Amino acid sequence: STMAHFITPGPGDAVLLAGYISLPGDPQTFLPQGTAYVAQYSGRGQLDWRYTPDDQSSFAGVTSLDRAPDGSLYFSDIRVQDTVLTRLDANGQKIWEYRRPQKEDLFNPELALRVKVVNDNLILLGLTEQYGSAATPPGTLLALDGAGTLLWQFHGIGSGPYDPAVMFDIEVLPDQRIATFHSFSALDEQGRTGGAILLLDGSGLPLVSMDQDSLGLTRILDLAPLGNQLVVAGSTAAGSRLLLLDESLNVLQQRDFPAASAARLATQNDTVCFALLAASDPEASVTADAGITTFGIIDRHGQRSWETTTTDYHSQYASLSVDKHRCAFTDTKLNPGAGVLDTPDASSRTVLYSASGVQETIEVAGSTGIANFGHSLLRG
């Protein structure tokens, strides 16, 4: 079967799809087998090209995708022997692969979670393990040039145990500074605590950091650039908080909300879209919780444009996108069965909203496994 994990604008009116093609598993090791793929379709829906790697040892297919200013495409995937970053040209032809050997530990593989292009000659690859050392977060940021040469590594980002509630995030500001963070879960199995927002230069050197305690946060959940400023969402002792930080990570604005265990942020120009997701179990991928989920839109001054709350069922595998002052939020909605022992039905739900309120809600029925696998929204 073929699954699409990502959809993103291509050149002109083209659209890029990337995901996973599953194949029969290995009968000796019982390991899953498959291959990553990237495909480009014209604005009329016709296939322009499709690329698949030569080997068929991918665990999950494409895990992240980004385009460079020169038209190149970069994508990551996780294979049996290696974590791989691949560069394609604008016609879908492979230019090079960067391979990082996996440790011989099937229960703690290195996961490639984010590819981010800073410019044509600086590409970032964010990696993490499910378990890190006792002292530091398990995430590592790799920087490569346009030829696939490793330039530098920065260790100690992300959260503790791999947790879908927290976005493993790397953002690039207009002045090409790199924003990321680390923040441990309260359920960290090794008892680690604390967190901080970090700004790095293009050489991977720390420029400034801000401890989460100084922001009144118990956990950082997500961040997004707003010009050279940052919008940050996090948990507090009493609920959750949105903050607008200046170029030195000083607080410009903040607003408090009900408790949230996950958050999604999306920004464009002066528009900030946010979704603060409530759940009783922050490690659960799909929850049926009576907590309050808040989503809305504000401007760069923190002024409220519109927001609403819901107590619907939801998934922490959610996505948020913004385009032309409109926000699009998608997640998995669980519809409880008629009886106590009945299995809930799942559907993928997309809510389109702006400063004027909800414009449209679209639900597509599907199994929990399909609806949760990977959400991505196309802007435009």
# chains A, B, ... in the order shown; residues from 1 in each chain; ligands from 1

$ select_by_dssp --residues "segment 110-261 of chain A" --states "strand (DSSP E)" --output "ChimeraX atom specification"
/A:110-119,122-129,139-144,150-157,170-172,178-183,195-200,206-211,219-226,229-235,240-245,251-257

$ atom_distance --atom1 "atom CA of Val118 of chain A" --atom2 "atom CA of Ala68 of chain A"
8.0 Å

$ closest_atom_pairs --of "segment 219-244 of chain A" --to "segment 264-281 of chain A" --cutoff "8 Å" --atoms "only C-alpha atoms" --output "CSV"
residue,atom,partner,partner_atom,distance
A:Leu221,CA,A:Arg264,CA,7.9
A:Asp222,CA,A:Arg264,CA,6.3
A:Leu223,CA,A:Leu265,CA,6.6
A:Ala224,CA,A:Leu265,CA,6.1
A:Pro225,CA,A:Thr267,CA,6.8
A:Leu226,CA,A:Thr267,CA,6.2
A:Gly227,CA,A:Asn269,CA,7.2
A:Val231,CA,A:Leu265,CA,7.9
A:Ala233,CA,A:Leu265,CA,7.6
A:Ser240,CA,A:Leu276,CA,7.9

$ closest_residue --among "A:Gln153, A:Ala196, A:Ile178, A:Met3" --to "Asp211 of chain A" --atoms "only C-alpha atoms"
A:Ala196

$ atom_distance --atom1 "atom CA of Arg50 of chain A" --atom2 "atom CA of Lys94 of chain A"
11.1 Å

$ residues_around --residues "Leu125 of chain A" --least-positions-apart "2" --cutoff "9 Å" --atoms "only C-alpha atoms" --output "list in words"
Ser76, Leu85, Ala112, Leu113, Arg114, Val115, Lys116, Val117, Ile123, Leu127, Thr140, Leu141, Leu142, Ala143, Leu144 and Ile170 of chain A

$ atom_distance --atom1 "atom CA of Leu111 of chain A" --atom2 "atom CA of Leu199 of chain A"
22.6 Å

$ residues_around --residues "Tyr41 of chain A" --least-positions-apart "6" --cutoff "8 Å" --atoms "only C-alpha atoms" --output "mmCIF file with N, CA, C and O atoms, in the first residue's frame"
data_model
loop_
_atom_site.group_PDB
_atom_site.id
_atom_site.type_symbol
_atom_site.label_atom_id
_atom_site.label_comp_id
_atom_site.auth_asym_id
_atom_site.auth_seq_id
_atom_site.Cartn_x
_atom_site.Cartn_y
_atom_site.Cartn_z
ATOM 1 N N ALA A 14 2.735 23.158 -9.454
ATOM 2 C CA ALA A 14 2.908 21.732 -9.161
ATOM 3 C C ALA A 14 2.767 21.472 -7.663
ATOM 4 O O ALA A 14 2.895 22.372 -6.828
ATOM 5 N N VAL A 15 2.527 20.202 -7.337
ATOM 6 C CA VAL A 15 2.368 19.751 -5.953
ATOM 7 C C VAL A 15 3.299 18.565 -5.732
ATOM 8 O O VAL A 15 3.421 17.685 -6.594
ATOM 9 N N LEU A 16 3.959 18.543 -4.574
ATOM 10 C CA LEU A 16 4.842 17.442 -4.209
ATOM 11 C C LEU A 16 4.172 16.569 -3.162
ATOM 12 O O LEU A 16 3.635 17.075 -2.176
ATOM 13 N N LEU A 17 4.208 15.258 -3.375
ATOM 14 C CA LEU A 17 3.752 14.275 -2.397
ATOM 15 C C LEU A 17 4.942 13.430 -1.976
ATOM 16 O O LEU A 17 5.788 13.093 -2.806
ATOM 17 N N LEU A 47 1.078 13.026 -13.150
ATOM 18 C CA LEU A 47 2.390 12.723 -12.577
ATOM 19 C C LEU A 47 3.495 13.256 -13.479
ATOM 20 O O LEU A 47 3.578 12.899 -14.646
ATOM 21 N N ASP A 48 4.351 14.107 -12.911
ATOM 22 C CA ASP A 48 5.522 14.594 -13.635
ATOM 23 C C ASP A 48 6.696 13.642 -13.452
ATOM 24 O O ASP A 48 7.384 13.307 -14.417
ATOM 25 N N TRP A 49 6.952 13.225 -12.232
ATOM 26 C CA TRP A 49 8.021 12.277 -11.942
ATOM 27 C C TRP A 49 7.812 11.672 -10.559
ATOM 28 O O TRP A 49 7.076 12.219 -9.744
#

$ closest_residue --among "A:Leu215, A:Leu173, A:Leu205, A:Ala365" --to "Gln229 of chain A" --atoms "only C-alpha atoms"
A:Leu173

$ decode --residues "segment 7-26 of chain A" --atoms "C-alpha atoms" --output "PDB file, in the first residue's frame"
ATOM      1  CA  ILE A   7       2.074  17.456   0.636  1.00  0.00           C
ATOM      2  CA  THR A   8       3.849  20.693  -0.212  1.00  0.00           C
ATOM      3  CA  PRO A   9       3.897  23.256  -3.048  1.00  0.00           C
ATOM      4  CA  GLY A  10       6.262  22.489  -5.901  1.00  0.00           C
ATOM      5  CA  PRO A  11       7.512  24.765  -8.683  1.00  0.00           C
ATOM      6  CA  GLY A  12       4.803  26.804 -10.377  1.00  0.00           C
ATOM      7  CA  ASP A  13       1.424  25.195  -9.752  1.00  0.00           C
ATOM      8  CA  ALA A  14       2.908  21.732  -9.161  1.00  0.00           C
ATOM      9  CA  VAL A  15       2.368  19.751  -5.953  1.00  0.00           C
ATOM     10  CA  LEU A  16       4.842  17.442  -4.209  1.00  0.00           C
ATOM     11  CA  LEU A  17       3.752  14.275  -2.397  1.00  0.00           C
ATOM     12  CA  ALA A  18       6.078  12.224  -0.216  1.00  0.00           C
ATOM     13  CA  GLY A  19       5.488   9.138   1.890  1.00  0.00           C
ATOM     14  CA  TYR A  20       5.873   5.395   2.164  1.00  0.00           C
ATOM     15  CA  ILE A  21       5.252   2.321   0.022  1.00  0.00           C
ATOM     16  CA  SER A  22       4.870  -0.733   2.250  1.00  0.00           C
ATOM     17  CA  LEU A  23       6.090  -4.126   1.038  1.00  0.00           C
ATOM     18  CA  PRO A  24       5.866  -7.670   2.473  1.00  0.00           C
ATOM     19  CA  GLY A  25       7.984  -7.980   5.636  1.00  0.00           C
ATOM     20  CA  ASP A  26      11.179 -10.002   5.955  1.00  0.00           C
TER      21      ASP A  26
END
